[in-house]
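Here is the file data.txt (compact mmCIF, C-alpha atoms and all ligand atoms).
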# COMPACT_ATOMS: atom_id res chain seq x y z
CA MET A 1 200.67 -203.31 -142.69
CA LYS A 2 197.87 -203.76 -140.18
CA VAL A 3 195.57 -200.93 -139.18
CA PRO A 4 194.32 -201.41 -135.62
CA PHE A 5 190.92 -200.03 -134.69
CA LEU A 6 192.53 -198.35 -131.71
CA ASP A 7 196.11 -197.89 -130.53
CA LEU A 8 196.48 -196.18 -127.16
CA HIS A 9 200.29 -196.25 -127.11
CA GLY A 10 200.54 -193.03 -129.12
CA GLN A 11 198.68 -191.23 -126.34
CA TYR A 12 200.89 -192.70 -123.62
CA ASP A 13 204.47 -193.06 -124.84
CA PRO A 14 205.18 -189.30 -125.27
CA ILE A 15 203.91 -188.46 -121.74
CA ARG A 16 205.06 -191.65 -119.97
CA ALA A 17 207.52 -189.87 -117.68
CA GLU A 18 204.96 -187.27 -116.57
CA VAL A 19 202.32 -189.94 -115.92
CA LEU A 20 204.70 -192.05 -113.85
CA GLU A 21 205.76 -188.97 -111.90
CA ALA A 22 202.10 -188.26 -111.06
CA VAL A 23 201.53 -191.87 -110.00
CA THR A 24 204.66 -191.75 -107.83
CA ARG A 25 203.46 -188.52 -106.23
CA VAL A 26 200.19 -190.14 -105.14
CA CYS A 27 201.91 -193.33 -103.98
CA ASP A 28 204.40 -191.33 -101.93
CA SER A 29 201.56 -189.33 -100.34
CA GLN A 30 199.62 -192.52 -99.48
CA ARG A 31 196.40 -190.53 -99.96
CA PHE A 32 194.25 -192.53 -102.30
CA ILE A 33 190.66 -191.49 -101.49
CA LEU A 34 189.38 -187.91 -102.07
CA GLY A 35 192.06 -185.38 -101.03
CA PRO A 36 194.13 -182.71 -102.81
CA GLU A 37 194.85 -184.54 -106.08
CA LEU A 38 191.15 -185.02 -106.77
CA GLU A 39 190.32 -181.46 -105.71
CA ALA A 40 192.99 -180.04 -108.02
CA PHE A 41 191.72 -182.15 -110.92
CA GLU A 42 188.14 -181.03 -110.32
CA LEU A 43 189.08 -177.34 -110.38
CA GLU A 44 191.20 -177.75 -113.53
CA ILE A 45 188.63 -179.76 -115.45
CA ALA A 46 185.76 -177.43 -114.45
CA GLU A 47 187.71 -174.53 -115.92
CA ARG A 48 188.52 -176.49 -119.07
CA LEU A 49 184.87 -177.49 -119.55
CA GLU A 50 183.66 -173.95 -118.76
CA VAL A 51 181.33 -175.03 -115.94
CA GLY A 52 180.88 -173.93 -112.36
CA TRP A 53 181.51 -177.30 -110.71
CA ALA A 54 182.99 -180.68 -111.57
CA ILE A 55 182.73 -183.74 -109.35
CA GLY A 56 184.94 -186.75 -110.06
CA VAL A 57 183.14 -190.09 -109.88
CA SER A 58 183.95 -193.75 -110.41
CA SER A 59 182.70 -194.11 -114.02
CA GLY A 60 180.48 -192.58 -116.67
CA THR A 61 177.77 -195.00 -115.61
CA ASP A 62 178.00 -193.82 -112.01
CA ALA A 63 178.03 -190.20 -113.22
CA LEU A 64 174.63 -190.83 -114.83
CA LEU A 65 173.39 -192.61 -111.72
CA ALA A 66 174.52 -189.82 -109.37
CA ALA A 67 173.27 -187.00 -111.63
CA LEU A 68 169.85 -188.58 -112.16
CA LEU A 69 169.56 -189.26 -108.44
CA ALA A 70 170.55 -185.66 -107.72
CA VAL A 71 167.82 -184.21 -109.95
CA GLY A 72 165.32 -186.38 -108.10
CA VAL A 73 164.68 -189.29 -110.48
CA GLY A 74 163.15 -192.25 -108.66
CA ARG A 75 160.35 -194.80 -108.60
CA GLY A 76 157.36 -193.91 -110.78
CA ASP A 77 159.26 -191.43 -112.93
CA ASP A 78 159.77 -191.55 -116.68
CA VAL A 79 163.10 -190.52 -118.21
CA ILE A 80 163.36 -190.00 -121.96
CA THR A 81 166.55 -191.04 -123.71
CA SER A 82 167.88 -192.39 -127.00
CA THR A 83 167.47 -196.04 -127.88
CA TYR A 84 170.67 -195.85 -129.94
CA SER A 85 173.36 -195.49 -127.29
CA PHE A 86 175.58 -197.34 -124.90
CA PHE A 87 173.65 -199.50 -122.42
CA ALA A 88 174.33 -197.24 -119.42
CA SER A 89 172.23 -194.37 -120.86
CA ALA A 90 169.15 -196.48 -120.07
CA SER A 91 170.37 -198.88 -117.36
CA SER A 92 171.13 -195.96 -115.01
CA ILE A 93 167.44 -194.98 -115.25
CA VAL A 94 166.27 -198.53 -114.50
CA ARG A 95 168.69 -198.79 -111.56
CA LEU A 96 166.85 -195.88 -109.92
CA GLY A 97 163.48 -197.59 -110.26
CA ALA A 98 162.39 -195.21 -113.03
CA ARG A 99 161.21 -196.14 -116.53
CA PRO A 100 163.31 -195.36 -119.60
CA VAL A 101 161.19 -193.98 -122.42
CA LEU A 102 163.29 -194.84 -125.45
CA VAL A 103 162.92 -192.68 -128.53
CA ASP A 104 164.25 -192.77 -132.07
CA ILE A 105 167.17 -190.89 -133.60
CA ASP A 106 167.78 -188.36 -136.34
CA PRO A 107 169.33 -190.58 -139.04
CA THR A 108 171.86 -187.95 -140.14
CA THR A 109 173.44 -187.35 -136.71
CA PHE A 110 172.48 -190.56 -134.85
CA ASN A 111 171.37 -188.28 -132.02
CA LEU A 112 168.02 -188.02 -130.23
CA ASP A 113 165.25 -186.73 -132.53
CA ALA A 114 163.88 -183.63 -130.76
CA GLU A 115 160.41 -184.07 -132.31
CA ALA A 116 160.27 -187.62 -130.98
CA VAL A 117 161.21 -186.27 -127.56
CA ARG A 118 158.35 -183.77 -127.72
CA ARG A 119 155.87 -186.55 -128.56
CA ALA A 120 157.15 -188.72 -125.70
CA ILE A 121 156.57 -186.10 -122.98
CA THR A 122 153.92 -187.01 -120.39
CA PRO A 123 153.14 -185.71 -116.88
CA ALA A 124 155.41 -188.53 -115.59
CA THR A 125 158.48 -187.19 -117.46
CA LYS A 126 161.02 -186.31 -114.78
CA ALA A 127 164.13 -185.91 -116.92
CA ILE A 128 165.54 -186.09 -120.45
CA VAL A 129 168.95 -187.60 -121.18
CA PRO A 130 170.28 -186.36 -124.53
CA VAL A 131 173.30 -188.43 -125.59
CA HIS A 132 176.01 -186.63 -127.58
CA LEU A 133 176.70 -189.73 -129.60
CA PHE A 134 180.08 -190.38 -131.25
CA GLY A 135 181.31 -186.92 -130.19
CA GLN A 136 178.74 -184.58 -131.71
CA SER A 137 176.37 -182.52 -129.60
CA ALA A 138 172.73 -183.56 -129.62
CA ASP A 139 170.12 -180.95 -130.52
CA VAL A 140 169.98 -179.55 -126.97
CA ASP A 141 168.78 -176.14 -128.23
CA ALA A 142 165.55 -177.84 -129.31
CA ILE A 143 165.35 -180.26 -126.36
CA LEU A 144 165.94 -177.73 -123.57
CA PRO A 145 162.75 -175.68 -124.18
CA ILE A 146 160.73 -178.92 -124.41
CA ALA A 147 162.16 -180.00 -121.05
CA ARG A 148 161.60 -176.61 -119.43
CA ALA A 149 157.97 -176.50 -120.59
CA ALA A 150 157.43 -179.97 -119.08
CA GLY A 151 159.27 -179.19 -115.84
CA ALA A 152 161.77 -181.96 -116.62
CA ALA A 153 165.50 -181.89 -115.87
CA VAL A 154 168.11 -182.26 -118.63
CA VAL A 155 171.03 -184.57 -117.80
CA GLU A 156 173.48 -184.73 -120.70
CA ASP A 157 175.22 -188.01 -121.45
CA ALA A 158 178.43 -186.42 -122.74
CA CYS A 159 180.52 -189.56 -122.18
CA GLN A 160 181.69 -189.62 -125.81
CA ALA A 161 181.89 -185.89 -126.35
CA ILE A 162 184.33 -184.16 -124.03
CA GLY A 163 185.24 -180.79 -125.59
CA ALA A 164 182.44 -180.82 -128.18
CA ARG A 165 180.52 -177.57 -128.55
CA LEU A 166 177.05 -176.42 -129.52
CA GLY A 167 176.95 -172.83 -130.76
CA GLY A 168 180.25 -172.16 -129.02
CA ARG A 169 179.19 -173.59 -125.65
CA GLN A 170 180.75 -176.80 -124.40
CA VAL A 171 178.59 -179.86 -123.91
CA GLY A 172 178.05 -180.95 -120.33
CA GLY A 173 177.11 -177.48 -119.13
CA LEU A 174 174.17 -177.02 -121.53
CA GLY A 175 171.50 -178.60 -119.32
CA ASP A 176 171.14 -179.11 -115.56
CA ALA A 177 174.00 -181.61 -115.28
CA GLY A 178 176.44 -183.29 -117.64
CA CYS A 179 178.10 -186.70 -117.39
CA PHE A 180 181.51 -187.72 -118.73
CA SER A 181 183.39 -191.02 -118.83
CA PHE A 182 187.14 -191.54 -118.56
CA TYR A 183 186.97 -195.15 -119.78
CA PRO A 184 190.31 -195.72 -121.54
CA THR A 185 188.87 -195.56 -125.08
CA LYS A 186 187.07 -192.25 -124.55
CA ASN A 187 188.69 -189.04 -125.83
CA LEU A 188 190.10 -188.38 -122.35
CA GLY A 189 190.81 -191.79 -120.85
CA ALA A 190 192.03 -192.74 -117.39
CA PHE A 191 194.09 -195.84 -116.63
CA GLY A 192 191.01 -197.72 -115.50
CA ASP A 193 187.48 -196.54 -114.82
CA GLY A 194 186.55 -192.96 -114.02
CA GLY A 195 183.84 -190.39 -114.65
CA LEU A 196 182.69 -186.84 -113.98
CA VAL A 197 179.52 -184.90 -113.26
CA VAL A 198 179.50 -181.21 -114.16
CA THR A 199 176.91 -178.53 -113.42
CA ASN A 200 176.44 -174.79 -113.14
CA ASP A 201 174.05 -175.26 -110.20
CA GLU A 202 175.86 -175.00 -106.89
CA GLY A 203 173.15 -176.88 -104.98
CA LEU A 204 173.17 -179.75 -107.46
CA ALA A 205 176.97 -179.89 -107.24
CA ALA A 206 176.79 -180.21 -103.47
CA THR A 207 174.18 -182.98 -103.79
CA VAL A 208 176.31 -184.97 -106.26
CA ARG A 209 179.39 -184.52 -104.07
CA ARG A 210 177.44 -185.89 -101.11
CA LEU A 211 175.90 -188.77 -103.09
CA ARG A 212 179.25 -190.02 -104.40
CA HIS A 213 180.38 -190.42 -100.78
CA HIS A 214 177.44 -192.40 -99.34
CA GLY A 215 175.23 -189.32 -98.94
CA GLN A 216 177.42 -188.28 -96.05
CA THR A 217 177.39 -184.63 -94.89
CA GLU A 218 179.87 -185.14 -92.07
CA PRO A 219 181.60 -188.27 -90.89
CA TYR A 220 178.99 -190.97 -90.25
CA LEU A 221 176.03 -188.63 -90.75
CA HIS A 222 174.00 -189.65 -93.80
CA THR A 223 171.28 -187.31 -95.05
CA SER A 224 170.52 -189.46 -98.11
CA VAL A 225 171.46 -192.85 -99.55
CA GLY A 226 174.16 -192.40 -102.17
CA GLY A 227 176.88 -194.84 -103.08
CA ASN A 228 180.61 -195.28 -103.34
CA PHE A 229 181.01 -193.31 -106.55
CA ARG A 230 184.38 -191.68 -105.81
CA LEU A 231 187.12 -191.13 -108.39
CA ASP A 232 190.47 -192.49 -107.15
CA ALA A 233 193.24 -189.99 -106.43
CA LEU A 234 195.52 -192.07 -108.69
CA GLN A 235 193.16 -191.68 -111.63
CA ALA A 236 192.73 -187.96 -110.89
CA ALA A 237 196.52 -187.48 -110.92
CA ILE A 238 196.85 -189.34 -114.23
CA LEU A 239 193.93 -187.41 -115.72
CA ARG A 240 195.54 -184.09 -114.74
CA VAL A 241 198.52 -184.98 -116.93
CA ARG A 242 196.49 -186.41 -119.78
CA ALA A 243 194.00 -183.51 -119.85
CA ARG A 244 196.83 -181.24 -121.01
CA GLN A 245 196.99 -183.29 -124.24
CA LEU A 246 193.23 -183.30 -124.87
CA ASP A 247 193.14 -180.34 -127.27
CA ALA A 248 195.95 -181.80 -129.38
CA TRP A 249 194.27 -185.22 -129.45
CA THR A 250 190.94 -183.65 -130.46
CA THR A 251 192.66 -181.70 -133.23
CA SER A 252 194.18 -184.95 -134.47
CA ARG A 253 190.79 -186.72 -134.46
CA ARG A 254 189.19 -183.86 -136.40
CA GLU A 255 192.08 -183.82 -138.86
CA ASN A 256 191.69 -187.58 -139.39
CA ALA A 257 187.97 -187.10 -140.05
CA ARG A 258 188.67 -184.35 -142.60
CA ARG A 259 191.23 -186.57 -144.33
CA TYR A 260 188.73 -189.45 -144.55
CA ARG A 261 186.30 -187.08 -146.29
CA ASP A 262 188.94 -186.15 -148.87
CA LEU A 263 190.01 -189.75 -149.39
CA PHE A 264 186.42 -191.03 -149.76
CA ALA A 265 185.63 -188.25 -152.24
CA ALA A 266 188.79 -189.04 -154.24
CA ALA A 267 187.91 -192.75 -154.25
CA GLY A 268 184.46 -191.97 -155.70
CA LEU A 269 182.69 -193.76 -152.85
CA ALA A 270 180.40 -190.88 -151.89
CA GLY A 271 177.34 -192.58 -153.45
CA GLN A 272 177.76 -195.94 -151.70
CA ILE A 273 179.06 -195.00 -148.28
CA ALA A 274 177.42 -192.38 -146.06
CA LEU A 275 179.94 -190.37 -144.07
CA PRO A 276 179.18 -188.83 -140.68
CA GLU A 277 177.60 -185.40 -140.94
CA GLU A 278 178.89 -182.53 -138.85
CA ARG A 279 176.08 -180.04 -138.33
CA PRO A 280 176.89 -176.32 -138.45
CA GLY A 281 177.74 -174.88 -135.05
CA ARG A 282 178.64 -178.24 -133.55
CA ASP A 283 182.30 -178.96 -133.00
CA HIS A 284 182.34 -182.75 -133.43
CA VAL A 285 185.18 -184.37 -131.46
CA PHE A 286 185.00 -187.72 -133.29
CA ASN A 287 185.21 -190.20 -130.46
CA GLN A 288 184.04 -192.39 -133.34
CA PHE A 289 184.00 -191.91 -137.10
CA VAL A 290 180.91 -193.86 -138.09
CA ILE A 291 179.90 -194.59 -141.68
CA ARG A 292 176.92 -196.42 -143.15
CA VAL A 293 177.73 -199.15 -145.60
CA PRO A 294 175.62 -201.74 -147.45
CA ASP A 295 176.08 -205.37 -146.33
CA ARG A 296 177.91 -204.11 -143.24
CA ASP A 297 178.69 -207.42 -141.52
CA ARG A 298 180.39 -208.85 -144.60
CA VAL A 299 182.32 -205.64 -145.21
CA GLN A 300 183.56 -205.77 -141.63
CA GLN A 301 184.72 -209.38 -142.03
CA GLN A 302 186.50 -208.61 -145.29
CA LEU A 303 188.26 -205.62 -143.76
CA GLU A 304 189.28 -207.78 -140.81
CA ALA A 305 190.79 -210.31 -143.23
CA ARG A 306 192.84 -207.45 -144.73
CA GLY A 307 194.13 -206.50 -141.28
CA ILE A 308 191.88 -203.47 -140.84
CA GLY A 309 190.15 -203.15 -137.49
CA THR A 310 186.64 -201.67 -137.22
CA ALA A 311 183.86 -201.77 -134.63
CA ILE A 312 180.07 -201.71 -134.51
CA TYR A 313 178.35 -199.16 -132.27
CA TYR A 314 175.75 -200.50 -131.61
CA PRO A 315 174.53 -203.77 -133.12
CA ARG A 316 171.30 -203.81 -131.05
CA PRO A 317 169.32 -200.76 -130.00
CA LEU A 318 168.36 -200.54 -126.34
CA HIS A 319 164.61 -201.04 -126.89
CA LEU A 320 165.39 -204.55 -128.21
CA GLN A 321 167.65 -205.63 -125.32
CA PRO A 322 166.35 -208.75 -123.55
CA CYS A 323 166.62 -207.15 -120.11
CA PHE A 324 164.24 -204.37 -121.20
CA ALA A 325 161.62 -206.74 -122.66
CA ASP A 326 159.15 -205.72 -119.94
CA LEU A 327 159.11 -202.19 -121.38
CA GLY A 328 157.04 -203.67 -124.21
CA TYR A 329 158.93 -202.48 -127.30
CA ARG A 330 158.95 -204.56 -130.48
CA ALA A 331 161.16 -204.77 -133.54
CA GLY A 332 160.01 -202.04 -135.95
CA ASP A 333 158.98 -199.59 -133.22
CA LEU A 334 162.02 -197.31 -133.62
CA PRO A 335 163.02 -197.84 -137.25
CA GLN A 336 165.80 -195.26 -137.63
CA ALA A 337 167.75 -196.76 -134.74
CA GLU A 338 167.17 -200.29 -136.01
CA ARG A 339 168.40 -199.32 -139.46
CA ALA A 340 171.48 -197.65 -137.99
CA ALA A 341 172.22 -200.74 -135.91
CA ALA A 342 172.30 -202.79 -139.12
CA GLU A 343 174.31 -200.36 -141.28
CA THR A 344 176.88 -198.50 -139.21
CA LEU A 345 180.57 -199.22 -139.02
CA ALA A 346 183.14 -197.30 -136.97
CA LEU A 347 186.52 -196.77 -138.64
CA PRO A 348 189.85 -196.14 -136.87
CA VAL A 349 190.11 -192.42 -136.02
CA PHE A 350 192.39 -192.40 -132.97
CA PRO A 351 195.00 -189.65 -132.53
CA GLY A 352 198.21 -190.73 -134.23
CA LEU A 353 196.51 -192.69 -137.03
CA THR A 354 198.67 -192.03 -140.08
CA GLU A 355 197.64 -190.87 -143.53
CA SER A 356 198.93 -194.09 -145.09
CA GLN A 357 196.80 -196.12 -142.65
CA GLN A 358 193.77 -194.06 -143.66
CA VAL A 359 194.55 -194.63 -147.34
CA GLN A 360 194.64 -198.35 -146.59
CA VAL A 361 191.25 -198.22 -144.85
CA VAL A 362 189.62 -196.39 -147.77
CA GLU A 363 191.21 -198.66 -150.39
CA GLY A 364 190.08 -201.70 -148.40
CA LEU A 365 186.55 -200.35 -148.27
CA LYS A 366 186.54 -199.62 -151.98
CA LEU A 367 187.42 -203.25 -152.75
CA CYS A 368 184.74 -204.53 -150.33
CA VAL A 369 182.03 -202.32 -151.80
CA GLN A 370 182.96 -203.34 -155.36
CA GLN A 371 182.79 -207.01 -154.36
CA THR A 372 179.41 -206.50 -152.66
CA GLN A 373 178.07 -204.92 -155.84
CA SER A 374 179.35 -207.65 -158.13
CA VAL A 375 177.53 -210.52 -156.35
C1 LIG B 1 181.11 -194.97 -122.18
C2 LIG B 1 179.72 -194.49 -122.08
C3 LIG B 1 178.99 -194.54 -120.88
C4 LIG B 1 179.49 -195.21 -119.64
O1 LIG B 1 180.74 -194.86 -119.23
P1 LIG B 1 181.62 -195.87 -118.32
O2 LIG B 1 182.71 -195.00 -117.83
O3 LIG B 1 182.07 -196.98 -119.20
O4 LIG B 1 180.74 -196.35 -117.20
C5 LIG B 1 177.72 -194.00 -120.87
N1 LIG B 1 177.17 -193.47 -121.97
C6 LIG B 1 177.82 -193.43 -123.14
C7 LIG B 1 177.15 -192.81 -124.33
C8 LIG B 1 179.10 -193.95 -123.24
O5 LIG B 1 179.73 -193.93 -124.43
Can you give me the file's structure in the form of structure tokens?
Ligand SMILES: *Cc1c(COP(=O)(O)O)cnc(C)c1O
Amino acid sequence: MKVPFLDLHGQYDPIRAEVLEAVTRVCDSQRFILGPELEAFELEIAERLEVGWAIGVSSGTDALLAALLAVGVGRGDDVITSTYSFFASASSIVRLGARPVLVDIDPTTFNLDAEAVRRAITPATKAIVPVHLFGQSADVDAILPIARAAGAAVVEDACQAIGARLGGRQVGGLGDAGCFSFYPTKNLGAFGDGGLVVTNDEGLAATVRRLRHHGQTEPYLHTSVGGNFRLDALQAAILRVRARQLDAWTTSRRENARRYRDLFAAAGLAGQIALPEERPGRDHVFNQFVIRVPDRDRVQQQLEARGIGTAIYYPRPLHLQPCFADLGYRAGDLPQAERAAAETLALPVFPGLTESQQVQVVEGLKLCVQQTQSV
């Protein structure tokens, strides 16, 4: 039996009729841009995420772009973020003419190291972008006071962490603005691209709403230069249906993570494979279940040969990307991220993964690790 890294059918088949009904409703209305479906989705998701305002946008990348623009990031500014993240965490900063200041991670959570953030602050620091990587909140309680003291905005990259909490509060609303992605593999996926900016600041919400629609305040009156960052009514309608399943899907992901812990412990692999750590007070939503394993690339190939799908997030930290060479970083500058890039492996954790599939993953890994040790 094969174990796919991801199978989205389990999240679609049971709600197929409701999804198609929502799609039909939008098609019959012939209202595809802005309008009531998007407005309804924004109100529902703001309530779910416990924030004042939610603004649907075209992707998680555009959410970051619009939020950073809204807090005033531009040419000559520095923005601090994690070097161990998806490309958009840093590219959105560069797109605005600002400079990403890439800092290292805490090796146990893979999230931004708050001490490294403190050391990176300069008078040019305009914003900090903590990334809630793999579904666990970054240490925003430590980062927020550092940002406040420096007069810098905090824009959360919560693209992988919808529903995660820090001390009971949901991510996204912890700082000045929060950004989510509805890319199909995220915990709440659309049927295409989509994203969201959330905030508790009414003025900031109005700015983001304007920016996503060409900075327009009334038809053909532009008070600033935004973009076409709108979320389609079709995606909003689909997301309204799918959002009702989010809690159940998150419960399933957490249950899968707990079961991996039991299975790894029973297999006696605790010494050789490092499992993801869930810090107290942080409700991890396991967009990814990421382990560290010796000789990672070979282990991945051997698992693949046994029909077990895995993925690597991320094989190259952002400070070593060719397009950021002019930032002047070198290999060795941010060692924790570089080590993680060489050692981490994401295992299947999607909702609907079965216990027998998980047993197969752990047994496969046990064989791989034994082989690695015997050569
Ligand atoms: C997915 C993701 C993004 C970008 O989202 P898109 O919707 O694909 O544009 C940004 N940051 C992180 C951490 C992500 O995982």
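Nearest to Leu34 (chain A) of all the residues A:Leu231, A:Ala274, A:Ala17, A:Leu239 is A:Leu231, based on only C-alpha atoms.
Compared by their closest atoms to Glu255 (chain A), and using all atoms listed in the file, the residues A:Gln30, A:Ser58, A:Thr109, A:Thr354 rank with A:Thr354 nearest.
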Item checked: 9 Å shell around ligand LIG 1 (chain B) using all atoms listed in the file, listed as a PyMOL selection string -> chain A and resi 58-64+85-90+131-134+157-161+179-186+193-195+287
Margin query: Could you check which residues have any atom within 12 Å of (193.9, -183.3, -132.7), counting all atoms listed in the file with coordinates taken straight from the file, and then list them as a count of residues only?
Written below: 26
Next item on the list: Choose the residue, out of A:Arg244, A:Arg292, A:Lys366, A:His222, that has the smallest atom-to-atom separation from Arg48 (chain A); count only C-alpha atoms.
Entry: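 Once distances to Arg48 (chain A) are computed over only C-alpha atoms, the minimum belongs to A:Arg244.
The shortest atom-to-atom distance to Gly328 (chain A), with only C-alpha atoms taken into account, belongs to A:Leu102 out of A:Leu102, A:Ala40, A:Val3, A:Leu365.
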Next item on the list: Have a look at A:Ile143, A:Ala305, A:Ala267, A:Leu49 and name the one nearest to Val369 (chain A); count all atoms listed in the file.
Entry: A:Ala267
Next item on the list: Fewer than 2 positions away in the same chain doesn't count, so skip those; otherwise give me all residues within 10 Å of Ala331 (chain A), counting all atoms listed in the file, as a VMD selection string.
Entry: chain A and resid 317 319 to 320 329 333 to 335 338
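Nearest to Ala311 (chain A) of all the residues A:Thr344, A:Asn200, A:Ser224, A:Gln336 is A:Thr344, based on only C-alpha atoms.
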Next item on the list: For CA of Leu43 (chain A) and CA of Ile55 (chain A), determine how far apart the two atoms are, in Å to one decimal place.
Entry: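 Computing the Euclidean distance for CA of Leu43 (chain A) and CA of Ile55 (chain A) yields 9.1 Å.
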Item checked: Å distance separating CA of Ala70 (chain A) from CA of Leu204 (chain A), one decimal place -> 6.5 Å
Note to self: Distance cut-off 7 Å, centre (181.5, -191.3, -139.9) in file coordinates, counting all atoms listed in the file: which residues qualify? Return them as a PyMOL selection string.
What the structure shows: chain A and resi 275-276+289-291+346
Next item on the list: Could you please determine the separation between CA of Leu345 (chain A) and CA of Asp295 (chain A) in Å, to one decimal place?
Entry: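 Result for CA of Leu345 (chain A) versus CA of Asp295 (chain A): 10.6 Å, one decimal.
Residues in contact with Ile146 (chain A) at up to 12 Å, not including ones fewer than 5 positions away on its chain and judged by only C-alpha atoms, are Ile80, Ala114, Glu115, Ala116, Val117, Arg118, Arg119, Ala120, Ile121, Thr122, Thr125, Ala127, Ile128, Asp139, Val140, Asp141, Gly151, Ala152, Ala153, Val154 and Gly175 of chain A.
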Notebook entry, point to check: Any idea what's packed within 7 Å of Ser137 (chain A), counting all atoms listed in the file, ignoring anything in its chain fewer than 4 positions away? Could you give it as a PyMOL selection string?
Noted result: chain A and resi 132+164-166+171+282
Could N, CA, C and O atoms be built for region 353-365 of chain A and written out as a short mmCIF file (atom, residue, chain, number, x, y, z; two decimals), keeping the file's coordinate frame?
data_model
loop_
_atom_site.label_atom_id
_atom_site.label_comp_id
_atom_site.auth_asym_id
_atom_site.auth_seq_id
_atom_site.Cartn_x
_atom_site.Cartn_y
_atom_site.Cartn_z
N LEU A 353 196.78 -191.91 -135.80
CA LEU A 353 196.51 -192.69 -137.03
C LEU A 353 197.21 -191.96 -138.19
O LEU A 353 197.11 -190.74 -138.29
N THR A 354 197.91 -192.71 -139.04
CA THR A 354 198.67 -192.03 -140.08
C THR A 354 197.87 -191.93 -141.38
O THR A 354 196.91 -192.67 -141.59
N GLU A 355 198.32 -191.04 -142.25
CA GLU A 355 197.64 -190.87 -143.53
C GLU A 355 197.70 -192.17 -144.34
O GLU A 355 196.71 -192.56 -144.97
N SER A 356 198.84 -192.87 -144.29
CA SER A 356 198.93 -194.09 -145.09
C SER A 356 197.99 -195.17 -144.54
O SER A 356 197.44 -195.98 -145.30
N GLN A 357 197.79 -195.18 -143.22
CA GLN A 357 196.80 -196.12 -142.65
C GLN A 357 195.40 -195.76 -143.13
O GLN A 357 194.61 -196.66 -143.45
N GLN A 358 195.10 -194.47 -143.20
CA GLN A 358 193.77 -194.06 -143.66
C GLN A 358 193.57 -194.41 -145.13
O GLN A 358 192.48 -194.83 -145.52
N VAL A 359 194.62 -194.25 -145.92
CA VAL A 359 194.55 -194.63 -147.34
C VAL A 359 194.22 -196.12 -147.45
O VAL A 359 193.37 -196.54 -148.23
N GLN A 360 194.87 -196.91 -146.59
CA GLN A 360 194.64 -198.35 -146.59
C GLN A 360 193.19 -198.70 -146.23
O GLN A 360 192.59 -199.59 -146.84
N VAL A 361 192.65 -197.99 -145.26
CA VAL A 361 191.25 -198.22 -144.85
C VAL A 361 190.31 -197.93 -146.03
O VAL A 361 189.43 -198.74 -146.35
N VAL A 362 190.53 -196.79 -146.69
CA VAL A 362 189.62 -196.39 -147.77
C VAL A 362 189.78 -197.32 -148.97
O VAL A 362 188.78 -197.72 -149.59
N GLU A 363 191.01 -197.71 -149.27
CA GLU A 363 191.21 -198.66 -150.39
C GLU A 363 190.57 -200.00 -150.07
O GLU A 363 189.96 -200.63 -150.93
N GLY A 364 190.71 -200.44 -148.83
CA GLY A 364 190.08 -201.70 -148.40
C GLY A 364 188.57 -201.63 -148.57
O GLY A 364 187.94 -202.56 -149.09
N LEU A 365 188.00 -200.51 -148.15
CA LEU A 365 186.55 -200.35 -148.27
C LEU A 365 186.10 -200.33 -149.72
O LEU A 365 185.07 -200.90 -150.07
#
